[in-house]
>>> print(open('upload-v5.txt').read())   # compact mmCIF, C-alpha atoms and all ligand atoms
# COMPACT_ATOMS: atom_id res chain seq x y z
CA MET U 1370 135.79 183.94 19.13
CA LEU U 1371 135.12 180.25 19.32
CA LYS U 1372 138.21 178.36 20.43
CA ILE U 1373 138.37 174.66 19.83
CA SER U 1374 141.63 172.75 20.05
CA LEU U 1375 142.88 170.74 17.11
CA GLU U 1376 142.58 167.60 19.18
CA GLN U 1377 138.96 168.37 19.99
CA LEU U 1378 138.11 169.10 16.34
CA GLU U 1379 139.67 165.81 15.29
CA PHE U 1380 137.70 163.99 17.96
CA HIS U 1381 134.33 165.37 16.81
CA GLN U 1382 135.17 164.75 13.16
CA LYS U 1383 136.14 161.17 13.90
CA LYS U 1384 132.92 160.59 15.81
CA ARG U 1385 130.86 161.84 12.85
CA GLN U 1386 132.75 159.48 10.56
CA GLN U 1387 132.31 156.54 12.95
CA LEU U 1388 128.60 157.17 13.23
CA MET U 1389 128.15 157.37 9.47
CA ALA U 1390 130.09 154.13 9.02
CA PHE U 1391 127.39 152.33 11.05
CA LEU U 1392 124.56 153.59 8.86
CA PRO U 1393 123.39 152.21 5.52
CA ASP U 1394 123.64 154.21 2.30
CA ASN U 1395 120.92 156.78 1.65
CA SER U 1396 120.65 157.75 5.33
CA LEU U 1397 120.32 161.15 6.93
CA VAL U 1398 121.01 162.05 10.57
CA ILE U 1399 119.49 165.05 12.36
CA VAL U 1400 120.72 166.29 15.74
CA SER U 1401 119.59 169.53 17.36
CA SER U 1402 121.49 171.73 19.81
CA GLY U 1403 118.33 172.63 21.69
CA GLU U 1404 117.15 176.16 22.33
CA GLU U 1405 117.22 178.66 25.14
CA LEU U 1406 114.40 178.45 27.66
CA ILE U 1407 112.78 181.38 29.38
CA ARG U 1408 113.19 181.30 33.14
CA ASN U 1409 111.01 184.32 33.78
CA ARG U 1410 110.32 187.53 31.90
CA ASP U 1411 113.38 188.55 29.79
CA VAL U 1412 115.60 186.06 31.62
CA GLU U 1413 116.76 182.77 30.17
CA PHE U 1414 118.01 179.68 31.98
CA PRO U 1415 121.74 179.29 31.40
CA PHE U 1416 122.01 177.45 28.08
CA ARG U 1417 123.76 174.07 27.98
CA VAL U 1418 123.88 172.46 24.53
CA ASP U 1419 122.48 168.96 23.95
CA SER U 1420 125.15 166.32 24.59
CA ASP U 1421 124.63 164.35 21.35
CA PHE U 1422 125.06 167.58 19.39
CA MET U 1423 128.15 168.54 21.40
CA TYR U 1424 129.62 165.07 20.83
CA LEU U 1425 129.34 165.39 17.06
CA THR U 1426 130.28 169.06 16.64
CA GLY U 1427 131.94 170.68 19.68
CA PHE U 1428 129.64 173.63 18.91
CA GLU U 1429 127.68 175.16 21.77
CA GLU U 1430 125.30 177.73 20.28
CA PRO U 1431 121.54 177.28 20.65
CA ASP U 1432 119.20 177.07 17.62
CA SER U 1433 121.64 174.95 15.63
CA VAL U 1434 120.96 171.72 13.77
CA LEU U 1435 123.48 169.21 12.44
CA VAL U 1436 122.50 167.19 9.37
CA LEU U 1437 124.73 164.34 8.22
CA VAL U 1438 123.97 162.77 4.85
CA LYS U 1439 125.24 159.47 3.51
CA LYS U 1440 124.47 158.96 -0.16
CA SER U 1441 127.15 158.24 -2.78
CA THR U 1442 129.29 160.61 -0.70
CA GLU U 1443 129.10 161.74 2.92
CA GLU U 1444 128.34 165.35 3.76
CA SER U 1445 128.02 167.33 6.97
CA HIS U 1446 125.73 170.37 7.12
CA LEU U 1447 125.26 172.73 10.02
CA PHE U 1448 122.34 175.13 10.32
CA VAL U 1449 123.26 178.05 12.60
CA ARG U 1450 121.97 181.44 13.68
CA ALA U 1451 122.76 184.16 11.16
CA LYS U 1452 125.31 186.84 12.02
CA ASP U 1453 123.37 189.86 13.29
CA PRO U 1454 125.36 192.81 14.70
CA GLU U 1455 122.41 194.14 16.66
CA GLN U 1456 121.44 190.81 18.22
CA GLU U 1457 125.09 190.07 18.93
CA THR U 1458 125.49 193.40 20.73
CA TRP U 1459 122.69 192.41 23.06
CA GLN U 1460 123.10 188.66 23.39
CA GLY U 1461 126.63 187.68 22.49
CA ARG U 1462 128.74 186.62 19.55
CA ARG U 1463 127.61 184.14 16.95
CA LEU U 1464 129.87 182.02 14.79
CA GLY U 1465 127.75 182.50 11.68
CA VAL U 1466 127.47 180.72 8.34
CA LEU U 1467 130.72 181.98 6.80
CA ALA U 1468 133.05 180.89 9.61
CA ALA U 1469 131.31 177.68 10.63
CA PRO U 1470 132.64 175.17 8.05
CA ASP U 1471 136.33 175.94 8.60
CA THR U 1472 136.05 176.49 12.34
CA LEU U 1473 134.21 173.20 12.90
CA ARG U 1474 135.58 171.16 9.97
CA LEU U 1475 132.17 170.71 8.40
CA ASP U 1476 131.29 170.64 4.71
CA CYS U 1477 128.59 173.31 4.60
CA ALA U 1478 126.80 175.78 6.82
CA HIS U 1479 123.40 177.42 6.31
CA GLU U 1480 121.20 179.84 8.19
CA ILE U 1481 118.83 178.16 10.62
CA ASP U 1482 115.93 180.10 9.09
CA GLY U 1483 116.41 178.02 5.94
CA LEU U 1484 116.23 174.69 7.82
CA ASP U 1485 112.96 173.40 6.27
CA GLU U 1486 113.98 174.20 2.74
CA GLY U 1487 117.54 172.96 3.26
CA VAL U 1488 116.59 169.63 4.79
CA LEU U 1489 113.89 168.99 2.17
CA THR U 1490 116.59 169.31 -0.49
CA LEU U 1491 119.01 167.07 1.42
CA LEU U 1492 116.29 164.46 1.91
CA GLU U 1493 116.13 163.80 -1.82
CA GLY U 1494 116.96 160.15 -2.39
CA VAL U 1495 117.19 159.43 1.35
CA GLU U 1496 115.54 156.21 2.51
CA SER U 1497 116.14 156.30 6.27
CA VAL U 1498 116.13 159.26 8.65
CA TYR U 1499 117.92 158.86 12.01
CA VAL U 1500 116.79 161.02 14.89
CA SER U 1501 116.91 160.55 18.68
CA PHE U 1502 113.78 158.90 20.10
CA SER U 1503 114.68 159.75 23.67
CA HIS U 1504 114.36 163.51 23.52
CA SER U 1505 113.26 166.43 21.35
CA LEU U 1506 109.72 165.26 20.57
CA GLU U 1507 109.40 168.51 18.71
CA LEU U 1508 112.18 167.49 16.33
CA LEU U 1509 110.44 164.16 15.67
CA GLY U 1510 107.33 166.13 14.79
CA THR U 1511 109.32 168.34 12.45
CA VAL U 1512 110.83 165.30 10.72
CA HIS U 1513 107.33 163.88 10.29
CA GLY U 1514 106.27 167.19 8.73
CA TRP U 1515 109.16 167.08 6.25
CA ILE U 1516 108.32 163.53 5.23
CA GLN U 1517 104.68 164.47 4.78
CA ALA U 1518 105.67 167.38 2.56
CA LEU U 1519 107.81 165.05 0.43
CA LYS U 1520 105.03 162.49 0.19
CA GLU U 1521 102.80 165.13 -1.30
CA LYS U 1522 105.36 165.48 -4.02
CA VAL U 1523 105.59 161.71 -4.60
CA ARG U 1524 102.49 162.00 -6.74
CA LYS U 1525 104.37 164.46 -8.89
CA GLY U 1526 107.34 162.12 -9.32
CA GLY U 1527 109.37 162.74 -6.14
CA ASP U 1528 110.47 160.31 -3.44
CA ALA U 1529 110.15 160.27 0.36
CA PRO U 1530 112.12 158.45 3.10
CA LYS U 1531 110.61 155.10 4.01
CA GLN U 1532 111.65 154.90 7.63
CA VAL U 1533 112.48 157.00 10.66
CA CYS U 1534 114.96 155.20 12.95
CA ASP U 1535 116.22 155.73 16.49
CA LEU U 1536 119.64 157.37 16.37
CA ASP U 1537 120.23 156.50 20.05
CA VAL U 1538 120.85 152.85 19.18
CA TYR U 1539 124.07 153.85 17.38
CA LEU U 1540 125.10 157.17 18.88
CA HIS U 1541 124.51 156.33 22.53
CA GLU U 1542 126.38 153.07 22.20
CA MET U 1543 129.34 155.01 20.80
CA ARG U 1544 129.18 157.37 23.77
CA VAL U 1545 129.47 154.51 26.30
CA ILE U 1546 133.09 153.76 25.36
CA LYS U 1547 135.28 156.81 25.91
CA SER U 1548 138.15 157.72 23.63
CA GLU U 1549 141.43 159.23 24.82
CA PHE U 1550 140.18 162.82 24.39
CA GLU U 1551 137.11 162.04 26.47
CA VAL U 1552 139.10 160.31 29.22
CA GLN U 1553 141.35 163.37 29.44
CA SER U 1554 138.29 165.62 29.77
CA LEU U 1555 136.77 163.35 32.42
CA ARG U 1556 140.06 163.32 34.32
CA LYS U 1557 140.10 167.11 34.33
CA ALA U 1558 136.42 167.26 35.40
CA ALA U 1559 137.28 164.79 38.19
CA THR U 1560 140.31 166.80 39.33
CA ILE U 1561 138.36 170.08 39.49
CA SER U 1562 135.49 168.32 41.26
CA VAL U 1563 137.89 166.99 43.91
CA GLN U 1564 139.24 170.50 44.52
CA GLY U 1565 135.68 171.84 44.87
CA HIS U 1566 134.85 169.17 47.44
CA LEU U 1567 138.00 169.99 49.41
CA ALA U 1568 136.96 173.66 49.40
CA ALA U 1569 133.51 172.64 50.68
CA MET U 1570 135.02 170.56 53.51
CA LYS U 1571 137.40 173.36 54.34
CA SER U 1572 134.57 175.89 54.61
CA VAL U 1573 132.01 173.92 56.58
CA GLN U 1574 133.28 174.71 60.08
CA SER U 1575 132.98 178.43 59.41
CA SER U 1576 129.68 178.18 57.49
CA VAL U 1577 126.28 178.73 59.03
CA PHE U 1578 124.11 177.71 56.08
CA GLU U 1579 124.27 174.99 53.42
CA PHE U 1580 124.39 177.58 50.63
CA GLN U 1581 127.60 179.00 52.05
CA VAL U 1582 129.27 175.64 51.58
CA GLN U 1583 127.77 175.52 48.05
CA ALA U 1584 129.29 178.96 47.38
CA GLU U 1585 132.81 177.76 48.26
CA LEU U 1586 132.36 174.53 46.30
CA GLU U 1587 131.17 176.22 43.12
CA ALA U 1588 133.59 179.14 43.46
CA GLU U 1589 136.42 176.61 43.32
CA PHE U 1590 134.94 174.99 40.18
CA LEU U 1591 134.79 178.40 38.50
CA ARG U 1592 138.20 179.44 39.74
CA LEU U 1593 139.67 176.35 38.10
CA GLY U 1594 138.03 177.14 34.76
CA SER U 1595 134.97 174.92 34.78
CA PRO U 1596 132.24 176.88 32.99
CA ARG U 1597 129.36 175.35 34.94
CA VAL U 1598 128.32 172.63 37.33
CA ALA U 1599 127.62 169.25 35.73
CA PHE U 1600 124.32 169.11 37.67
CA ASN U 1601 122.70 171.09 40.47
CA SER U 1602 124.87 170.81 43.58
CA ILE U 1603 123.48 169.04 46.61
CA VAL U 1604 124.61 170.35 49.99
CA ALA U 1605 122.48 168.52 52.53
CA SER U 1606 123.02 168.69 56.27
CA GLY U 1607 121.49 166.42 58.89
CA LYS U 1608 118.09 165.08 57.93
CA ASN U 1609 118.24 166.78 54.51
CA ALA U 1610 120.86 164.19 53.53
CA CYS U 1611 118.08 161.59 53.62
CA ILE U 1612 116.46 163.36 50.62
CA LEU U 1613 118.36 161.86 47.71
CA HIS U 1614 118.18 164.81 45.30
CA TYR U 1615 117.94 167.68 47.80
CA THR U 1616 119.03 170.88 46.06
CA GLU U 1617 117.36 173.61 48.12
CA ASN U 1618 120.58 174.08 50.14
CA ARG U 1619 118.86 176.70 52.35
CA SER U 1620 119.03 175.11 55.82
CA GLU U 1621 121.17 176.07 58.74
CA ILE U 1622 123.90 173.53 59.44
CA LYS U 1623 123.86 172.27 63.01
CA LYS U 1624 127.14 171.45 64.68
CA ASP U 1625 126.35 167.76 65.20
CA ASP U 1626 125.17 167.25 61.61
CA LEU U 1627 126.81 165.26 58.92
CA VAL U 1628 126.96 167.22 55.67
CA LEU U 1629 126.49 165.37 52.39
CA VAL U 1630 127.81 167.12 49.28
CA ASP U 1631 127.00 165.59 45.88
CA ALA U 1632 128.42 167.81 43.16
CA GLY U 1633 130.61 167.86 40.09
CA ALA U 1634 132.22 170.29 37.71
CA GLU U 1635 131.91 170.17 33.93
CA TRP U 1636 134.97 170.27 31.67
CA GLN U 1637 134.77 170.40 27.86
CA GLY U 1638 131.25 169.02 28.15
CA TYR U 1639 132.21 166.14 30.47
CA ALA U 1640 130.91 165.68 34.00
CA GLY U 1641 132.56 165.01 37.32
CA ASP U 1642 130.30 163.44 39.96
CA ILE U 1643 131.50 163.06 43.53
CA THR U 1644 129.74 162.65 46.85
CA THR U 1645 131.51 163.35 50.12
CA THR U 1646 129.97 163.09 53.57
CA PHE U 1647 131.71 164.74 56.51
CA PRO U 1648 130.90 166.06 60.00
CA ALA U 1649 130.07 169.78 60.31
CA SER U 1650 132.12 169.91 63.51
CA GLY U 1651 135.10 168.06 62.08
CA ARG U 1652 134.42 165.07 64.37
CA PHE U 1653 132.09 162.12 63.70
CA ASN U 1654 130.01 160.88 66.64
CA SER U 1655 130.14 157.13 67.16
CA GLU U 1656 126.94 156.27 65.23
CA GLN U 1657 127.99 158.48 62.32
CA ALA U 1658 131.45 156.91 62.30
CA LEU U 1659 130.05 153.35 62.35
CA LEU U 1660 127.69 153.97 59.45
CA TYR U 1661 130.26 155.96 57.48
CA THR U 1662 132.84 153.19 57.82
CA LEU U 1663 130.25 150.69 56.64
CA VAL U 1664 129.35 152.71 53.51
CA LEU U 1665 133.05 153.18 52.72
CA ALA U 1666 133.65 149.42 52.99
CA ALA U 1667 130.67 148.80 50.68
CA GLN U 1668 132.03 151.32 48.20
CA GLN U 1669 135.45 149.66 48.22
CA ALA U 1670 133.88 146.24 47.67
CA ALA U 1671 131.98 147.61 44.67
CA ILE U 1672 135.03 149.39 43.23
CA ASP U 1673 137.04 146.17 43.55
CA ALA U 1674 134.39 144.43 41.44
CA ILE U 1675 134.78 146.84 38.54
CA LYS U 1676 136.87 145.24 35.82
CA PRO U 1677 136.38 144.13 32.23
CA ASN U 1678 133.83 141.33 31.77
CA GLU U 1679 132.21 141.94 35.16
CA THR U 1680 128.81 143.62 35.39
CA TYR U 1681 127.26 146.48 37.33
CA ASP U 1682 125.14 143.92 39.10
CA VAL U 1683 128.23 142.18 40.49
CA ALA U 1684 129.44 145.54 41.89
CA HIS U 1685 125.97 146.28 43.29
CA GLN U 1686 125.71 142.83 44.92
CA ALA U 1687 129.17 143.31 46.45
CA ALA U 1688 128.04 146.63 47.97
CA ILE U 1689 124.72 145.38 49.33
CA LYS U 1690 126.35 142.30 50.83
CA VAL U 1691 128.72 144.47 52.87
CA LEU U 1692 125.94 146.92 53.79
CA THR U 1693 123.52 144.20 54.82
CA GLN U 1694 126.08 142.34 56.95
CA GLY U 1695 127.04 145.63 58.59
CA LEU U 1696 123.42 146.59 59.29
CA LEU U 1697 122.86 143.15 60.85
CA ASP U 1698 125.98 143.56 63.01
CA LEU U 1699 124.76 146.96 64.21
CA GLY U 1700 121.31 145.58 65.01
CA LEU U 1701 119.66 147.78 62.41
CA LEU U 1702 118.46 144.69 60.53
CA GLN U 1703 117.46 141.36 62.02
CA GLY U 1704 117.96 137.77 60.94
CA ASP U 1705 120.70 136.12 58.94
CA LEU U 1706 122.55 137.46 55.92
CA ASP U 1707 121.06 135.15 53.30
CA THR U 1708 117.47 135.87 54.37
CA ALA U 1709 118.12 139.61 54.66
CA LEU U 1710 119.65 139.67 51.17
CA LYS U 1711 116.80 137.62 49.76
CA GLU U 1712 114.19 139.87 51.35
CA GLU U 1713 116.18 142.96 50.32
CA SER U 1714 115.58 144.41 53.76
CA TYR U 1715 118.55 146.77 53.25
CA LYS U 1716 116.31 148.71 50.85
CA ARG U 1717 114.75 150.67 53.70
CA PHE U 1718 118.15 152.29 54.26
CA PHE U 1719 119.70 152.03 50.78
CA MET U 1720 117.11 152.61 48.09
CA HIS U 1721 119.08 153.54 44.97
CA GLY U 1722 121.46 151.81 42.58
CA THR U 1723 125.20 151.64 43.18
CA GLY U 1724 126.10 153.84 40.23
CA HIS U 1725 125.58 154.93 36.65
CA TRP U 1726 127.45 155.61 33.43
CA LEU U 1727 129.30 158.92 33.43
CA GLY U 1728 130.18 161.10 30.46
CA MET U 1729 128.75 164.20 28.79
CA ASP U 1730 125.58 163.63 30.78
CA VAL U 1731 126.06 162.98 34.46
CA HIS U 1732 123.63 160.06 34.19
CA ASP U 1733 125.16 159.18 30.88
CA VAL U 1734 123.49 157.44 27.96
CA GLY U 1735 123.82 153.76 27.22
CA VAL U 1736 121.83 150.68 28.14
CA TYR U 1737 122.62 148.71 31.30
CA LYS U 1738 121.14 145.45 30.07
CA GLN U 1739 121.34 143.74 26.70
CA ASN U 1740 118.86 140.96 25.87
CA GLN U 1741 117.65 141.04 29.48
CA SER U 1742 121.09 140.37 30.96
CA TRP U 1743 123.52 142.83 32.52
CA ARG U 1744 126.06 144.08 30.01
CA VAL U 1745 129.70 143.50 30.83
CA PHE U 1746 132.20 146.27 31.51
CA LYS U 1747 134.71 147.07 28.81
CA ALA U 1748 137.85 149.17 28.93
CA GLY U 1749 136.97 152.81 28.24
CA MET U 1750 133.68 152.82 30.11
CA VAL U 1751 133.38 155.32 32.95
CA VAL U 1752 131.09 154.63 35.89
CA THR U 1753 130.28 155.99 39.30
CA VAL U 1754 130.21 153.92 42.48
CA GLU U 1755 128.02 155.50 45.13
CA PRO U 1756 126.49 153.34 47.83
CA GLY U 1757 124.74 155.09 50.70
CA LEU U 1758 122.75 154.66 53.90
CA TYR U 1759 119.90 156.93 54.90
CA ILE U 1760 118.25 156.69 58.29
CA SER U 1761 115.65 159.39 58.80
CA GLU U 1762 113.37 160.11 61.73
CA GLU U 1763 110.64 158.37 59.70
CA HIS U 1764 112.32 155.09 60.63
CA GLN U 1765 110.45 155.13 63.93
CA ASP U 1766 111.32 151.59 64.93
CA VAL U 1767 115.02 152.51 64.83
CA ASP U 1768 116.69 153.89 67.95
CA GLU U 1769 116.79 157.65 67.58
CA LYS U 1770 120.52 157.80 68.07
CA TRP U 1771 120.71 156.66 64.40
CA HIS U 1772 118.21 159.23 63.13
CA ASN U 1773 118.96 161.95 60.56
CA ILE U 1774 122.11 160.35 59.28
CA GLY U 1775 122.43 160.30 55.50
CA ILE U 1776 125.68 159.06 54.02
CA ARG U 1777 126.73 158.58 50.42
CA ILE U 1778 130.28 158.15 49.14
CA GLU U 1779 130.80 158.46 45.40
CA ASP U 1780 133.79 158.25 43.09
CA ASP U 1781 134.25 158.11 39.31
CA ILE U 1782 135.94 155.03 37.91
CA LEU U 1783 137.47 154.36 34.50
CA VAL U 1784 137.37 150.75 33.40
CA THR U 1785 140.89 149.86 32.23
CA PRO U 1786 142.08 146.62 30.60
CA SER U 1787 143.23 145.38 34.02
CA GLY U 1788 140.54 146.70 36.38
CA GLY U 1789 139.11 150.01 37.54
CA GLU U 1790 141.00 153.26 37.97
CA VAL U 1791 139.56 155.80 40.40
CA LEU U 1792 139.68 159.21 38.67
CA THR U 1793 138.53 161.18 41.70
CA THR U 1794 141.55 160.65 43.92
CA GLY U 1795 142.92 163.10 46.46
CA LEU U 1796 140.04 163.26 48.94
CA PRO U 1797 140.35 162.20 52.58
CA ARG U 1798 138.06 159.18 52.70
CA THR U 1799 138.33 157.23 55.96
CA VAL U 1800 136.91 158.60 59.24
CA GLU U 1801 140.44 159.18 60.49
CA GLU U 1802 141.63 160.86 57.29
CA ILE U 1803 138.63 163.19 57.27
CA GLU U 1804 138.99 164.15 60.93
CA THR U 1805 142.72 164.74 60.58
CA TRP U 1806 142.27 166.76 57.41
CA MET U 1807 139.46 168.88 58.86
CA ARG U 1808 141.31 169.58 62.09
CA GLN U 1809 143.57 172.08 60.31
CA TYR U 1810 140.53 174.21 59.44
CA ARG U 1811 138.86 174.21 62.86
CA GLN U 1812 137.92 177.63 64.13
CA ASN U 1813 138.67 177.34 67.85
CA VAL U 1814 141.27 174.70 68.45
CA ASN U 1815 141.67 173.94 72.16
CA SER U 1816 144.80 172.68 73.85
CA GLU U 1817 144.04 169.04 72.95
CA GLY U 1818 143.74 169.96 69.32
CA PHE U 1819 139.96 169.38 69.28
MN MN U 1901 126.15 160.10 40.75
>>> encode(input="upload-v5.txt", output="structure tokens", more="lines below")
Ligand SMILES: [Mn+2]
Amino acid sequence: MLKISLEQLEFHQKKRQQLMAFLPDNSLVIVSSGEELIRNRDVEFPFRVDSDFMYLTGFEEPDSVLVLVKKSTEESHLFVRAKDPEQETWQGRRLGVLAAPDTLRLDCAHEIDGLDEGVLTLLEGVESVYVSFSHSLELLGTVHGWIQALKEKVRKGGDAPKQVCDLDVYLHEMRVIKSEFEVQSLRKAATISVQGHLAAMKSVQSSVFEFQVQAELEAEFLRLGSPRVAFNSIVASGKNACILHYTENRSEIKKDDLVLVDAGAEWQGYAGDITTTFPASGRFNSEQALLYTLVLAAQQAAIDAIKPNETYDVAHQAAIKVLTQGLLDLGLLQGDLDTALKEESYKRFFMHGTGHWLGMDVHDVGVYKQNQSWRVFKAGMVVTVEPGLYISEEHQDVDEKWHNIGIRIEDDILVTPSGGEVLTTGLPRTVEEIETWMRQYRQNVNSEGF
């Protein structure tokens, strides 16, 4: 049956209490787990519960709805799928109404089939309804329907809520700062992700296709207890690495290719997110090594900039300054540094941001700017730092010796009171470290060791 640790239960309970403390009296919060989606006839996509719902409950069944009510007292209600021996025989166990309150430390549980009736009762005397504006349009429609139904009754002496508010403003801000339980989960997700990446690097010299590297990567995640990937794994060799979100992973790996792996494991709902780039042969050629070293220097400059009261923009500027200077030195950009930075000419080779918030969602919730200015880092935030360079054969004015090189290096960083702590440690990162590490897994080592 459902196993949730005491620590986890306390975490979710505390988060519900914190959220309710932000809200005025006579408020009601609705958060849905989401439902299973059909992939094709009789087959569903693997279900992954909505992160807001997970954050407030720790419960992972589909077709569930959490309702929190703040009137003279605070109450938590969970609507869940009814116990059904036949359905459970076919589709898996359900927690059910009887077990839910104790198991999840909630006040009441009800069958999901009674959602309309149940919520209409709970809405009595409620003035403000809080629901996420960023997803589940269907839920917003349902809320509107409930309010309409109550308004009909107003004529007969009832009352209806007067406003529907965006829950994200409160809940997503809470999610930006991680508590101790969350940091532990992110550490574990990071550790498993590192091991998966090592398995991928280890396998590449004996792999023919990208998907074979993916198999080793994800096998290691599973072996270490991660229930699923945090996002679809990218294993991109050669020119495929210049496609930022390449997930086909079907190509043959050529021996002179660089292989870019962007993947992370999930642990207790929290995501790891790492990118490694390494040579299929175990040896970088000189152009690959030059560009790799440049991206690594840019990443280090950005990581160094991550500390409380700095901003993402400072880290991004640090990265692009290093990248731009390096591209000028290599003759891949022309002119002087100030002009190149002003004209943003690096953007033809580095076209994405330097990172994102990390948490239950890999691109985690939370705003990056407040009142039009970059928000400052605070201890407890977790971010990724992932500069890259991508030179494809489309860059026809560039000497072809640079073509089909895509490099990204990504780590996960916890903002601490004194700076930034890299959570994803344990990977060989410099050119030399990677080549030395990969040498032990070469297939046919000659007398020189290469
Ligand atoms: Mn990322």
>>> closest_residue(input="upload-v5.txt", among="U:Gly1638, U:Gly1427, U:Gly1527, U:Gly1722", to="Glu1376 (chain U)", atoms="all atoms listed in the file")
U:Gly1427
>>> closest_residue(input="upload-v5.txt", among="U:Gly1403, U:Gly1465, U:Pro1393, U:Pro1530", to="Gly1494 (chain U)", atoms="only C-alpha atoms")
U:Pro1530
>>> closest_residue(input="upload-v5.txt", among="U:Glu1521, U:Asp1485, U:Asp1781, U:Glu1405", to="ligand MN 1901 (chain U)", atoms="all atoms listed in the file")
U:Asp1781
>>> closest_residue(input="upload-v5.txt", among="U:Leu1489, U:Leu1792, U:Val1784, U:Ile1643", to="ligand MN 1901 (chain U)", atoms="all atoms listed in the file")
U:Ile1643
>>> closest_residue(input="upload-v5.txt", among="U:Asp1421, U:Glu1755, U:Glu1589, U:Glu1712", to="Leu1536 (chain U)", atoms="only C-alpha atoms")
U:Asp1421
>>> residues_near_ligand(input="upload-v5.txt", ligand="ligand MN 1901 (chain U)", cutoff="12 Å", atoms="only C-alpha atoms and all ligand atoms", output="ChimeraX atom specification")
/U:1599-1603,1613-1614,1630-1633,1640-1645,1721-1728,1730-1733,1751-1757,1777-1782
>>> residues_around(input="upload-v5.txt", residues="Leu1508 (chain U)", least_positions_apart="2", cutoff="12 Å", atoms="only C-alpha atoms", output="PDB file with C-alpha atoms, in the coordinates of the input")
ATOM      1  CA  VAL U1398     121.010 162.050  10.570  1.00  0.00           C
ATOM      2  CA  ILE U1399     119.490 165.050  12.360  1.00  0.00           C
ATOM      3  CA  VAL U1400     120.720 166.290  15.740  1.00  0.00           C
ATOM      4  CA  SER U1401     119.590 169.530  17.360  1.00  0.00           C
ATOM      5  CA  SER U1402     121.490 171.730  19.810  1.00  0.00           C
ATOM      6  CA  GLY U1403     118.330 172.630  21.690  1.00  0.00           C
ATOM      7  CA  GLU U1404     117.150 176.160  22.330  1.00  0.00           C
ATOM      8  CA  ASP U1432     119.200 177.070  17.620  1.00  0.00           C
ATOM      9  CA  VAL U1434     120.960 171.720  13.770  1.00  0.00           C
ATOM     10  CA  LEU U1484     116.230 174.690   7.820  1.00  0.00           C
ATOM     11  CA  ASP U1485     112.960 173.400   6.270  1.00  0.00           C
ATOM     12  CA  VAL U1498     116.130 159.260   8.650  1.00  0.00           C
ATOM     13  CA  TYR U1499     117.920 158.860  12.010  1.00  0.00           C
ATOM     14  CA  VAL U1500     116.790 161.020  14.890  1.00  0.00           C
ATOM     15  CA  SER U1501     116.910 160.550  18.680  1.00  0.00           C
ATOM     16  CA  PHE U1502     113.780 158.900  20.100  1.00  0.00           C
ATOM     17  CA  SER U1503     114.680 159.750  23.670  1.00  0.00           C
ATOM     18  CA  HIS U1504     114.360 163.510  23.520  1.00  0.00           C
ATOM     19  CA  SER U1505     113.260 166.430  21.350  1.00  0.00           C
ATOM     20  CA  LEU U1506     109.720 165.260  20.570  1.00  0.00           C
ATOM     21  CA  GLY U1510     107.330 166.130  14.790  1.00  0.00           C
ATOM     22  CA  THR U1511     109.320 168.340  12.450  1.00  0.00           C
ATOM     23  CA  VAL U1512     110.830 165.300  10.720  1.00  0.00           C
ATOM     24  CA  HIS U1513     107.330 163.880  10.290  1.00  0.00           C
ATOM     25  CA  GLY U1514     106.270 167.190   8.730  1.00  0.00           C
ATOM     26  CA  TRP U1515     109.160 167.080   6.250  1.00  0.00           C
ATOM     27  CA  VAL U1533     112.480 157.000  10.660  1.00  0.00           C
TER      28      VAL U1533
END
>>> atom_distance(input="upload-v5.txt", atom1="CA of Lys1716 (chain U)", atom2="CA of Leu1699 (chain U)")
15.9 Å
>>> residues_near_point(input="upload-v5.txt", point="(124.1, 149.9, 24.6)", cutoff="8 Å", atoms="only C-alpha atoms", output="number ranges by chain")
U: 1538, 1541-1542, 1545, 1735-1739
>>> write_last_selection(input="upload-v5.txt", atoms="C-alpha atoms", output="PDB file, in the coordinates of the input")
ATOM      1  CA  VAL U1538     120.850 152.850  19.180  1.00  0.00           C
ATOM      2  CA  HIS U1541     124.510 156.330  22.530  1.00  0.00           C
ATOM      3  CA  GLU U1542     126.380 153.070  22.200  1.00  0.00           C
ATOM      4  CA  VAL U1545     129.470 154.510  26.300  1.00  0.00           C
ATOM      5  CA  GLY U1735     123.820 153.760  27.220  1.00  0.00           C
ATOM      6  CA  VAL U1736     121.830 150.680  28.140  1.00  0.00           C
ATOM      7  CA  TYR U1737     122.620 148.710  31.300  1.00  0.00           C
ATOM      8  CA  LYS U1738     121.140 145.450  30.070  1.00  0.00           C
ATOM      9  CA  GLN U1739     121.340 143.740  26.700  1.00  0.00           C
TER      10      GLN U1739
END
>>> closest_residue(input="upload-v5.txt", among="U:Tyr1539, U:Phe1448, U:Phe1550, U:Phe1578", to="Glu1617 (chain U)", atoms="all atoms listed in the file")
U:Phe1578
>>> closest_atom_pairs(input="upload-v5.txt", of="region 1616-1708 of chain U", to="region 1761-1772 of chain U", cutoff="12 Å", atoms="all atoms listed in the file", output="tab-separated table")
residue	atom	partner	partner_atom	distance
U:Asp1625	CA	U:Lys1770	CA	11.9
U:Asp1626	CA	U:His1772	CA	10.7
U:Leu1627	CA	U:His1772	CA	11.3
U:Asn1654	CA	U:Lys1770	CA	10.1
U:Ser1655	CA	U:Lys1770	CA	9.7
U:Glu1656	CA	U:Trp1771	CA	6.3
U:Gln1657	CA	U:Trp1771	CA	7.8
U:Ala1658	CA	U:Trp1771	CA	10.9
U:Leu1659	CA	U:Trp1771	CA	10.1
U:Leu1660	CA	U:Trp1771	CA	9.0
U:Tyr1661	CA	U:Trp1771	CA	11.8
U:Leu1696	CA	U:Trp1771	CA	11.6
U:Leu1699	CA	U:Trp1771	CA	10.5
U:Gly1700	CA	U:Val1767	CA	9.4
U:Leu1701	CA	U:Val1767	CA	7.1
U:Leu1702	CA	U:Val1767	CA	9.6
U:Gln1703	CA	U:Val1767	CA	11.8
